[in-house]
There are 4 protein chains.
Amino acid sequence: MTIRVGILGATGYTAFELARILLRHNGAKITALTTRQDDRPHVSSVHPQLTGRLDLHLENLSLDELAERCDCIFGCLPHAASAAVVPGLLERGLKVVDLSADYRLRDVAVYEKWYGEKHPDPARLPNSVYGLPELFRDTIRGAELIANPGCYPTSATLALAPLLKNGMIQPTDILVDSKSGVSGAGRTPKLGTLYCEVNESFSAYGVGTHRHMPEIEQNLQQASGQKCSVIFTPHLVPMDRGILSTCYAKPTGPVTTAEAIAALREFYADEPFVQVIDGMPATKSVSGTNYCHLTARVVNDRIIVIAVIDNLIKGASGAAVQNFNLMYDLAETTALVD
Amino acid sequence: MTIRVGILGATGYTAFELARILLRHNGAKITALTTRQDDRPHVSSVHPQLTGRLDLHLENLSLDELAERCDCIFGCLPHAASAAVVPGLLERGLKVVDLSADYRLRDVAVYEKWYGEKHPDPARLPNSVYGLPELFRDTIRGAELIANPGCYPTSATLALAPLLKNGMIQPTDILVDSKSGVSGAGRTPKLGTLYCEVNESFSAYGVGTHRHMPEIEQNLQQASGQKCSVIFTPHLVPMDRGILSTCYAKPTGPVTTAEAIAALREFYADEPFVQVIDGMPATKSVSGTNYCHLTARVVNDRIIVIAVIDNLIKGASGAAVQNFNLMYDLAETTALVD
Amino acid sequence: MTIRVGILGATGYTAFELARILLRHNGAKITALTTRQDDRPHVSSVHPQLTGRLDLHLENLSLDELAERCDCIFGCLPHAASAAVVPGLLERGLKVVDLSADYRLRDVAVYEKWYGEKHPDPARLPNSVYGLPELFRDTIRGAELIANPGCYPTSATLALAPLLKNGMIQPTDILVDSKSGVSGAGRTPKLGTLYCEVNESFSAYGVGTHRHMPEIEQNLQQASGQKCSVIFTPHLVPMDRGILSTCYAKPTGPVTTAEAIAALREFYADEPFVQVIDGMPATKSVSGTNYCHLTARVVNDRIIVIAVIDNLIKGASGAAVQNFNLMYDLAETTALVD
Amino acid sequence: MTIRVGILGATGYTAFELARILLRHNGAKITALTTRQDDRPHVSSVHPQLTGRLDLHLENLSLDELAERCDCIFGCLPHAASAAVVPGLLERGLKVVDLSADYRLRDVAVYEKWYGEKHPDPARLPNSVYGLPELFRDTIRGAELIANPGCYPTSATLALAPLLKNGMIQPTDILVDSKSGVSGAGRTPKLGTLYCEVNESFSAYGVGTHRHMPEIEQNLQQASGQKCSVIFTPHLVPMDRGILSTCYAKPTGPVTTAEAIAALREFYADEPFVQVIDGMPATKSVSGTNYCHLTARVVNDRIIVIAVIDNLIKGASGAAVQNFNLMYDLAETTALVD
């Protein structure tokens with residue numbers, strides 16, 4: 001059986017990576033790509049990398065047209081725009097992996113505070129399924145709608161959740177100092193992401209105000225059952241892709257570097273995409289892959305956990321396909337072990 | 001005496017480099033910066049590098065206001081926009097260094113063919129002064145209006161003119177294969193100059209259609225007194241700044257690499273900003289400076305001359321200040337020997 | 001049936017790409033990785049990207065050990081070192097894809113002139129099989145030893161051979177101005193490939209002296225049956241990977257851009273990895289893939305053909321697997337349509 | 001009066017920047033460049049950027065030769081090598097600005113623990129003068145030997161010292177998460193600083209073990225008179241130059257972002273090279289300059305101070321010339337206001 005999939009909002013970097021991965025998925029076939037434009041550009045003019053590999057046009061399709069052509073939708077729309085169409089997709093019997101932020105936060109008030117808008121579909125939030133398989137695999141299997149995790153929260157949650165769950169670190173006074181490549185800022189032309197603004201520069205942004213801060217807190221709380229508080233500081237790195245999160249936490253008692261690494265290794269022993277390493281993770285080692293590399297160090301009175309992912313793959317499109325595989329009961333690593 | 005200078009169109013990369021150079025010029029003082037916006041942004045919000053170094057706002061100034069505040073104008077406006085204001089500046093007794101393309105081509109028909117617009121001030125073209133001091137120093141001294149050269153034409157002209165003038169190469173069948181950093185494309189947000197489009201990519205553009213092609217031909221003809229024909233192929237390099245031009249020409253007779261280098265060295269013996277070298281020029285060696293590095297090789301039946309400049313300095317703002325120094329009879333290297 | 005493959009000289013970038021591609025090849029299994037070092041490093045310490053994906057050590061293996069473990073060898077040794085071991089491998093019944101330059105040039109004298117060394121296995125040169133499937137597919141099928149093409153020659157040959165074969169361009173006065181990412185220079189620490197030397201810099205090297213010049217000439221002659229002369233100028237681009245070759249040739253008669261593009265399109269109509277496009281090729285569009293993108297323009301009296309490949313994939317390891325697939329009569333695109 | 005200066009260890013990036021700055025210093029003249037090599041390379045072959053600008057050879061000079069040619073020495077030698085020659089220079093009446101780490105730490109035991117070697121000149125440590133003018137200007141004036149600060153410590157100390165001195169933050173539980181361009185790693189060829197290893201990658205290194213950790217602690221203690229404890233985590237950014245330090249500290253009482261910024265602004269009101277800004281600092285804004293840009297944010301229970309410098313200028317060679325100016329009672333900004 002081949003599952004027919006559509007990608008909503010197919011002009012960006014995340015959509016390209018989705019298409020690239022799905023093209024080598026033997027259980028899926030891309031049958032629709034959408035855009036708000038009405039000029040039906042061929043995918044090869046939008047993503048020249050796909051020349052000769054995918055013969056589809058981007059179209060401005062209705063919900064009914066999508067329902068006719070697709071079994072499952074990957075949503076790459078902006079927040080708020082996504083939750084405006086997801087209910088209609090679900091009503092038409094489609095499954096949805098939503099890469100926007102719309103279904104990640106379970107508390108409408110938190111969403112509306114951090115995103116500054118009314119949520120178009122608040123009723124679904126309390127029971128939404130957060131698609132981080134390493135922590136919530138069971139709820140993902142068989143779900144109709146998946147909230148695909150944010151890129152920064154994926155790295156920080158994979159770094160910290162195991163040590164919170166096993167009681168090795170305290171749930172408060174957690175600092176997450178993250179660094180991301182530029183593709184995380186999207187493909188819409190803006191002064192701040194021009195080559196000559198970003199290249200040979202490094203800067204922080206959204207200090208204390210970034211929307212991934214409550215998402216990280218929610219994940220850590222859900223994983224550990226404890227109230228968590230996190231300070232999150234994102235930075236922009238002059239490179240295309242990759243996130244490294246340096247996470248600082250207070251141990252609950254005496255602990256060594258070896259013990260911290262062992263705890264991570266134990267937690268992820270059976271995970272196909274998380275590798276706990278002794279050396280220092282580099283974003284390049286996971287670039288273009290669905291892997292996360294992790295390590296830990298104890299320095300003075302802190303455990304420092306360092307995690308790297310590719311923000312477009314494990315932090316977005318790879319995770320989306322991993323969730324898709326789980327939803328349809330396919331082998332979880334299909335199309336993802338590059 | 002301090003010359004009061006204004007910069008028109010002060011938001012871009014070229015204007016920033018001009019300001020940076022002029023701040024260390026002991027004979028000039030920046031007294032006006034203009035923009036079409038009406039919100040009077042402080043220069044430090046537009047160019048954070050100038051924080052604490054220049055206390056001026058960008059203003060939407062009239063010609064009369066400019067004439068009151070300034071003695072000399074550096075124009076960083078787009079083509080056509082520039083020639084629309086230059087006549088008014090000259091009438092008010094201001095001197096002008098125009099960094100746009102408007103006064104470079106002496107033949108109105110050529111301008112209108114390649115730029116696709118009516119020229120706003122065609123009468124001045126036949127007598128315009130092209131500001132490449134290494135070839136036309138005498139006409140620059142005392143000029144009221146200087147057409148500041150294009151970045152690619154500067155590199156190609158400095159590479160080829162000496163060998164055309166001394167008869168070592170043929171005036172036809174010249175190929176100029178040029179490579180430029182991204183700052184040459186300006187600071188206006190466009191998909192094509194986003195970091196993630198340009199980084200880790202290399203491409204050609206404007207093959208056979210770039211506006212610097214007739215400018216190079218005009219320069220070589222003016223320098224050599226011969227009809228020249230040039231094929232010009234520009235490419236975009238994933239770096240901020242720098243141009244390297246690889247220029248292929250046919251020798252008029254037998255010649256060795258040593259003879260070609262010696263000819264270049266003789267021609268530029270007294271030039272403060274052109275260095276003929278034996279090794280291979282690299283754009284990084286001239287980055288941030290007003291220097292041009294040049295070398296030559298004879299391969300089979302071709303002389304290959306390779307020239308590097310910083311497109312924003314020797315290819316724009318440094319050359320503009322060099323011209324300014326000549327116009328006002330100041331030491332030519334003032335503020336330029338970094 | 002699974003073919004057991006070994007990689008000789010497994011520490012470099014080419015070997016990593018080979019391993020990455022072969023890991024997703026359903027007809028091949030990596031059974032040996034070699035190094036001259038005797039400390040048996042685990043592959044994950046040499047190539048951290050392979051952590052958890054390949055559990056092998058790099059070993060200093062004898063020919064007999066290789067013959068016991070492997071059916072086919074990919075050689076990533078330096079030139080001269082490669083031809084010193086290839087005869088022993090072939091004698092033991094192994095097939096070999098040699099990524100070094102040792103078996104590319106058919107004329108021993110040309111090899112010894114350009115490489116400056118005695119060839120260790122000259123008898124095999126005249127009948128060596130050059131592994132560029134788009135031109136020489138028939139001889140590759142069933143071969144025991146393949147000379148895998150150089151990266152620059154692949155791009156230049158794919159660009160020019162079709163127009164030479166159909167008589168559209170002249171065989172002499174061909175200029176190939178090529179630009180390559182830094183990975184082409186290998187992984188051995190050298191001043192010239194340090195980050196701070198290369199980044200934000202662009203330069204030419206090996207002008208008229210690069211060893212790929214005779215290889216390009218040989219290819220064009222073999223493809224067209226005509227004596228060809230080529231000037232080849234390589235440049236270093238501040239990026240990891242990718243080659244763009246701008247190839248200038250003289251048409252044999254009147255020709256338009258459309259006709260040149262049509263000729264390329266006709267030649268490559270059935271090729272799985274060559275895409276002739278109307279727009280401008282960018283190295284990023286083929287990065288990480290086995291594709292070549294090509295286009296042509298007629299400017300004045302020249303046809304300009306522009307080709308891009310990933311130097312590590314279509315220019316090395318992807319081509320090697322494509323050849324491997326042909327040698328073993330597997331589907332040619334196996335493991336290569338990413 | 002012109003002070004004759006020599007640069008010891010003149011092959012690296014720091015030495016180049018020193019030469020570049022000193023060439024525009026109207027009170028200094030470079031009279032000696034040293035290297036351990038004996039082949040007397042011309043400076044333009046080591047630093048092509050200086051072609052035609054400085055006509056000197058690098059020489060293997062004795063202390064007596066240096067004393068004959070120079071009044072002041074800038075030492076760019078590795079640690080331990082530096083303190084082996086400094087005493088001899090001082091004995092011969094030369095002044096020294098030492099850019100190595102040898103005279104930064106006042107406690108020999110701390111030096112020997114972190115640098116793993118016997119100190120060659122321990123007697124001078126307790127009274128060494130640490131050349132950070134913003135904190136220790138008075139002791140620098142008239143000193144014979146200056147310990148030029150480390151790059152990371154400069155950024156962290158400028159960020160934190162004002163708030164420690166005015167009692168706004170606690171002296172313990174300070175986290176400094178720093179990010180540096182690659183030039184900080186020096187110019188010796190190593191696998192880890194090859195272009196293809198670093199480009200498109202981001203990683204941490206020396207977590208909890210970097211030698212700048214005790215230097216930061218010493219600075220903060222000396223500035224505030226309190227025992228301080230710092231965790232320092234450096235990271236490598238794929239760019240040539242620039243350091244950004246994100247510094248996390250606990251306030252001693254309630255404080256707002258505006259108050260934290262105001263405190264920094266008050267402290268640096270008269271400093272020529274420190275700019276406190278409201279926006280987010282970017283390394284590019286200070287690239288190539290001797291400036292430091294700083295800002296602060298209060299998030300939850302932390303003050304976050306973010307500082308950027310150019311590691312080669314304010315973090316090394318610019319600071320060295322600033323110290324030189326103070327030692328010789330010249331205008332402090334000479335040659336530094338670019």
# chains A, B, ... in the order shown; residues from 1 in each chain; ligands from 1
>>> select_by_dssp(residues="stretch 48-294 of chain C", states="alpha helix (DSSP H)", output="PyMOL selection string")
chain C and resi 63-69+81-91+108-115+133-140+151-165+195-198+212-224+257-267
>>> interface_residues(of="chain D", to="chain A", cutoff="6 Å", atoms="only C-alpha atoms", output="compact mmCIF listing (two decimals) with all heavy atoms, in the first residue's frame")
# COMPACT_ATOMS: atom_id res chain seq x y z
N GLU D 200 30.19 25.15 8.21
CA GLU D 200 28.89 24.51 8.38
C GLU D 200 28.87 23.61 9.61
O GLU D 200 28.14 22.62 9.65
CB GLU D 200 28.50 23.72 7.14
CG GLU D 200 28.04 24.60 5.99
CD GLU D 200 26.72 25.30 6.30
OE1 GLU D 200 25.70 24.64 6.46
OE2 GLU D 200 26.76 26.54 6.43
N SER D 201 29.66 23.96 10.61
CA SER D 201 29.63 23.19 11.86
C SER D 201 29.71 24.13 13.04
O SER D 201 30.23 25.24 12.95
CB SER D 201 30.79 22.19 11.90
OG SER D 201 30.55 21.19 12.88
N PHE D 202 29.19 23.70 14.15
CA PHE D 202 29.25 24.45 15.39
C PHE D 202 29.46 23.43 16.50
O PHE D 202 28.79 22.41 16.53
CB PHE D 202 27.95 25.23 15.63
CG PHE D 202 28.00 26.14 16.82
CD1 PHE D 202 28.41 27.46 16.68
CD2 PHE D 202 27.66 25.68 18.09
CE1 PHE D 202 28.49 28.30 17.77
CE2 PHE D 202 27.75 26.51 19.19
CZ PHE D 202 28.16 27.82 19.03
N SER D 203 30.41 23.72 17.38
CA SER D 203 30.68 22.75 18.44
C SER D 203 31.25 23.45 19.67
O SER D 203 31.76 24.57 19.58
CB SER D 203 31.69 21.70 17.97
OG SER D 203 32.88 22.33 17.54
N GLY D 208 34.80 23.30 30.67
CA GLY D 208 35.27 23.17 32.05
C GLY D 208 36.78 23.04 32.18
O GLY D 208 37.29 22.93 33.29
N MET D 239 33.28 31.13 11.39
CA MET D 239 33.56 32.47 10.86
C MET D 239 35.00 32.79 11.22
O MET D 239 35.58 32.16 12.09
CB MET D 239 32.58 33.51 11.43
CG MET D 239 32.60 33.67 12.94
SD MET D 239 31.29 34.84 13.50
CE MET D 239 31.74 34.98 15.24
N ALA D 282 26.07 42.22 17.60
CA ALA D 282 26.47 41.22 16.61
C ALA D 282 27.97 41.35 16.41
O ALA D 282 28.49 42.45 16.37
CB ALA D 282 25.74 41.43 15.29
N THR D 283 28.64 40.21 16.28
CA THR D 283 30.10 40.30 16.13
C THR D 283 30.48 41.11 14.90
O THR D 283 31.50 41.78 14.89
CB THR D 283 30.73 38.90 16.01
OG1 THR D 283 30.23 38.23 14.87
CG2 THR D 283 30.48 38.07 17.25
N LYS D 284 29.65 41.06 13.89
CA LYS D 284 29.99 41.78 12.66
C LYS D 284 30.07 43.29 12.88
O LYS D 284 30.80 43.98 12.16
CB LYS D 284 28.96 41.47 11.57
CG LYS D 284 29.43 41.84 10.18
CD LYS D 284 28.56 41.16 9.14
CE LYS D 284 29.27 41.09 7.81
NZ LYS D 284 28.63 40.12 6.91
N VAL D 299 16.03 38.15 32.63
CA VAL D 299 15.09 37.09 32.30
C VAL D 299 14.93 36.22 33.54
O VAL D 299 15.92 35.72 34.09
CB VAL D 299 15.60 36.22 31.12
CG1 VAL D 299 14.59 35.13 30.78
CG2 VAL D 299 15.89 37.08 29.89
>>> residues_around(residues="D:Ser62", least_positions_apart="3", cutoff="12 Å", atoms="only C-alpha atoms", output="mmCIF file with N, CA, C and O atoms, in the first residue's frame")
data_model
loop_
_atom_site.group_PDB
_atom_site.id
_atom_site.type_symbol
_atom_site.label_atom_id
_atom_site.label_comp_id
_atom_site.auth_asym_id
_atom_site.auth_seq_id
_atom_site.Cartn_x
_atom_site.Cartn_y
_atom_site.Cartn_z
ATOM 1 N N LEU D 8 57.577 39.714 17.872
ATOM 2 C CA LEU D 8 58.145 38.365 18.005
ATOM 3 C C LEU D 8 57.100 37.328 17.618
ATOM 4 O O LEU D 8 55.988 37.329 18.148
ATOM 5 N N ALA D 32 61.416 45.289 13.300
ATOM 6 C CA ALA D 32 61.863 43.892 13.359
ATOM 7 C C ALA D 32 60.662 42.960 13.421
ATOM 8 O O ALA D 32 59.671 43.234 14.111
ATOM 9 N N LEU D 33 60.770 41.879 12.686
ATOM 10 C CA LEU D 33 59.784 40.800 12.727
ATOM 11 C C LEU D 33 60.567 39.518 12.921
ATOM 12 O O LEU D 33 61.544 39.284 12.199
ATOM 13 N N THR D 34 60.147 38.674 13.860
ATOM 14 C CA THR D 34 60.948 37.475 14.078
ATOM 15 C C THR D 34 60.185 36.192 13.786
ATOM 16 O O THR D 34 58.957 36.147 13.785
ATOM 17 N N THR D 35 60.977 35.155 13.536
ATOM 18 C CA THR D 35 60.472 33.804 13.345
ATOM 19 C C THR D 35 61.574 32.854 13.793
ATOM 20 O O THR D 35 62.749 33.239 13.838
ATOM 21 N N ARG D 36 61.204 31.620 14.117
ATOM 22 C CA ARG D 36 62.231 30.643 14.458
ATOM 23 C C ARG D 36 62.897 30.073 13.223
ATOM 24 O O ARG D 36 63.933 29.457 13.286
ATOM 25 N N GLU D 59 63.041 37.412 10.629
ATOM 26 C CA GLU D 59 64.393 36.962 10.937
ATOM 27 C C GLU D 59 64.440 36.255 12.289
ATOM 28 O O GLU D 59 63.628 36.508 13.157
ATOM 29 N N GLU D 65 70.302 41.667 19.147
ATOM 30 C CA GLU D 65 69.882 42.299 17.891
ATOM 31 C C GLU D 65 68.554 43.035 18.073
ATOM 32 O O GLU D 65 68.359 44.137 17.556
ATOM 33 N N LEU D 66 67.646 42.418 18.806
ATOM 34 C CA LEU D 66 66.372 43.080 19.054
ATOM 35 C C LEU D 66 66.584 44.389 19.821
ATOM 36 O O LEU D 66 65.965 45.414 19.513
ATOM 37 N N ALA D 67 67.463 44.336 20.816
ATOM 38 C CA ALA D 67 67.699 45.521 21.653
ATOM 39 C C ALA D 67 68.318 46.653 20.838
ATOM 40 O O ALA D 67 68.074 47.837 21.103
ATOM 41 N N GLU D 68 69.055 46.265 19.830
ATOM 42 C CA GLU D 68 69.675 47.283 19.000
ATOM 43 C C GLU D 68 68.672 47.966 18.076
ATOM 44 O O GLU D 68 68.742 49.165 17.833
ATOM 45 N N ARG D 69 67.723 47.174 17.614
ATOM 46 C CA ARG D 69 66.804 47.690 16.604
ATOM 47 C C ARG D 69 65.508 48.276 17.158
ATOM 48 O O ARG D 69 64.809 48.995 16.456
ATOM 49 N N CYS D 70 65.152 47.883 18.392
ATOM 50 C CA CYS D 70 63.794 48.183 18.861
ATOM 51 C C CYS D 70 63.804 48.893 20.210
ATOM 52 O O CYS D 70 64.738 48.755 21.008
ATOM 53 N N VAL D 85 61.846 34.475 27.073
ATOM 54 C CA VAL D 85 62.637 35.570 26.496
ATOM 55 C C VAL D 85 62.319 36.939 27.093
ATOM 56 O O VAL D 85 63.130 37.872 26.997
ATOM 57 N N GLY D 88 65.006 38.668 29.407
ATOM 58 C CA GLY D 88 66.143 39.187 28.656
ATOM 59 C C GLY D 88 65.827 40.493 27.948
ATOM 60 O O GLY D 88 66.684 41.377 27.822
ATOM 61 N N LEU D 89 64.605 40.613 27.479
ATOM 62 C CA LEU D 89 64.216 41.859 26.808
ATOM 63 C C LEU D 89 64.156 43.006 27.804
ATOM 64 O O LEU D 89 64.655 44.113 27.547
ATOM 65 N N ARG D 92 67.460 44.324 28.908
ATOM 66 C CA ARG D 92 68.102 45.171 27.895
ATOM 67 C C ARG D 92 67.367 46.499 27.710
ATOM 68 O O ARG D 92 67.614 47.239 26.758
#
>>> residues_around(residues="B:Arg124", least_positions_apart="2", cutoff="10 Å", atoms="only C-alpha atoms", output="PyMOL selection string")
chain B and resi 83+87+103+106+108+120-122+126-129+145
>>> write_last_selection(atoms="all heavy atoms", output="CSV table (one decimal), in the first residue's frame")
chain,number,residue,atom,x,y,z
B,83,ALA,N,21.1,60.2,-11.9
B,83,ALA,CA,21.2,61.3,-12.9
B,83,ALA,C,20.0,62.3,-12.8
B,83,ALA,O,20.1,63.3,-13.4
B,83,ALA,CB,21.3,60.7,-14.3
B,87,PRO,N,22.3,66.9,-11.9
B,87,PRO,CA,22.3,68.2,-12.5
B,87,PRO,C,22.0,69.3,-11.4
B,87,PRO,O,22.7,70.3,-11.4
B,87,PRO,CB,21.3,68.1,-13.5
B,87,PRO,CG,21.2,66.7,-13.9
B,87,PRO,CD,21.4,66.0,-12.6
B,103,TYR,N,26.8,58.0,-15.2
B,103,TYR,CA,27.7,58.8,-16.1
B,103,TYR,C,28.9,58.0,-16.6
B,103,TYR,O,29.9,58.6,-17.0
B,103,TYR,CB,28.1,60.0,-15.3
B,103,TYR,CG,27.0,61.0,-15.1
B,103,TYR,CD1,26.3,60.9,-13.9
B,103,TYR,CD2,26.5,61.8,-16.0
B,103,TYR,CE1,25.2,61.7,-13.6
B,103,TYR,CE2,25.5,62.7,-15.8
B,103,TYR,CZ,24.8,62.6,-14.6
B,103,TYR,OH,23.7,63.4,-14.4
B,106,ARG,N,29.6,56.7,-22.2
B,106,ARG,CA,29.5,58.0,-22.9
B,106,ARG,C,28.5,58.1,-24.0
B,106,ARG,O,28.2,59.1,-24.5
B,106,ARG,CB,30.9,58.3,-23.5
B,106,ARG,CG,31.9,58.4,-22.4
B,106,ARG,CD,33.2,58.8,-22.9
B,106,ARG,NE,34.0,59.3,-21.7
B,106,ARG,CZ,35.2,59.8,-21.8
B,106,ARG,NH1,35.8,60.0,-23.0
B,106,ARG,NH2,35.8,60.3,-20.7
B,108,VAL,N,24.8,57.6,-25.2
B,108,VAL,CA,23.5,57.5,-24.6
B,108,VAL,C,22.8,56.2,-25.2
B,108,VAL,O,22.1,55.5,-24.4
B,108,VAL,CB,22.6,58.7,-25.0
B,108,VAL,CG1,21.2,58.6,-24.4
B,108,VAL,CG2,23.3,60.0,-24.5
B,120,PRO,N,18.3,60.5,-17.8
B,120,PRO,CA,17.7,61.8,-17.4
B,120,PRO,C,18.6,63.0,-17.7
B,120,PRO,O,18.2,64.1,-17.6
B,120,PRO,CB,17.6,61.6,-15.9
B,120,PRO,CG,17.8,60.2,-15.6
B,120,PRO,CD,18.6,59.6,-16.7
B,121,ASP,N,19.9,62.8,-18.0
B,121,ASP,CA,20.8,63.9,-18.2
B,121,ASP,C,21.8,63.6,-19.3
B,121,ASP,O,23.0,63.6,-19.1
B,121,ASP,CB,21.5,64.1,-16.9
B,121,ASP,CG,22.4,65.3,-16.9
B,121,ASP,OD1,22.2,66.2,-17.7
B,121,ASP,OD2,23.4,65.3,-16.1
B,122,PRO,N,21.3,63.3,-20.5
B,122,PRO,CA,22.2,62.8,-21.6
B,122,PRO,C,23.2,63.7,-22.1
B,122,PRO,O,24.3,63.3,-22.5
B,122,PRO,CB,21.2,62.5,-22.7
B,122,PRO,CG,20.0,63.3,-22.5
B,122,PRO,CD,19.9,63.4,-21.0
B,126,PRO,N,28.8,62.7,-23.0
B,126,PRO,CA,30.0,62.6,-23.9
B,126,PRO,C,31.2,63.1,-23.2
B,126,PRO,O,32.4,62.8,-23.6
B,126,PRO,CB,29.6,63.5,-25.1
B,126,PRO,CG,28.1,63.5,-25.1
B,126,PRO,CD,27.7,63.4,-23.6
B,127,ASN,N,31.1,64.0,-22.2
B,127,ASN,CA,32.3,64.6,-21.6
B,127,ASN,C,32.5,64.1,-20.2
B,127,ASN,O,33.2,64.7,-19.4
B,127,ASN,CB,32.2,66.1,-21.6
B,127,ASN,CG,32.1,66.6,-23.0
B,127,ASN,OD1,32.9,66.3,-23.9
B,127,ASN,ND2,31.0,67.4,-23.3
B,128,SER,N,31.8,63.1,-19.8
B,128,SER,CA,31.9,62.6,-18.4
B,128,SER,C,33.3,62.1,-18.1
B,128,SER,O,34.0,61.7,-19.0
B,128,SER,CB,30.9,61.5,-18.1
B,128,SER,OG,31.3,60.3,-18.7
B,129,VAL,N,33.7,62.2,-16.9
B,129,VAL,CA,35.0,61.8,-16.4
B,129,VAL,C,34.9,60.5,-15.7
B,129,VAL,O,34.3,60.4,-14.7
B,129,VAL,CB,35.7,62.9,-15.6
B,129,VAL,CG1,37.0,62.4,-15.0
B,129,VAL,CG2,35.8,64.2,-16.3
B,145,LEU,N,32.4,66.5,-11.7
B,145,LEU,CA,31.6,65.3,-11.6
B,145,LEU,C,32.4,64.1,-12.0
B,145,LEU,O,33.0,64.1,-13.1
B,145,LEU,CB,30.4,65.5,-12.5
B,145,LEU,CG,29.6,64.2,-12.8
B,145,LEU,CD1,29.0,63.6,-11.5
B,145,LEU,CD2,28.5,64.4,-13.9
>>> residues_around(residues="A:Val110", least_positions_apart="2", cutoff="12 Å", atoms="only C-alpha atoms", output="ChimeraX atom specification")
/A:102-108,112-119,122,125-126,211-215,217-218
>>> select_by_dssp(residues="stretch 61-124 of chain C", states="strand (DSSP E or B)", output="list in words")
Cys72, Ile73, Phe74, Gly75, Lys95, Val96, Val97 and Asp98 of chain C
>>> write_last_selection(atoms="C-alpha atoms", output="tab-separated table (two decimals), in the first residue's frame")
chain	number	residue	atom	x	y	z
C	72	CYS	CA	35.19	-5.52	-4.64
C	73	ILE	CA	37.53	-2.71	-3.62
C	74	PHE	CA	37.02	1.03	-3.81
C	75	GLY	CA	40.47	2.59	-3.82
C	95	LYS	CA	37.17	-6.09	-8.82
C	96	VAL	CA	38.43	-2.56	-8.32
C	97	VAL	CA	36.99	0.92	-8.68
C	98	ASP	CA	40.04	3.13	-8.42
>>> closest_residue(among="B:Ala335, B:Met327, B:Val46, B:Ile174", to="B:Glu144", atoms="only C-alpha atoms")
B:Met327
>>> atom_distance(atom1="atom CA of A:Pro133", atom2="atom CA of A:His293")
15.8 Å
>>> atom_distance(atom1="atom CA of B:Ile313", atom2="atom CA of B:Tyr13")
10.4 Å
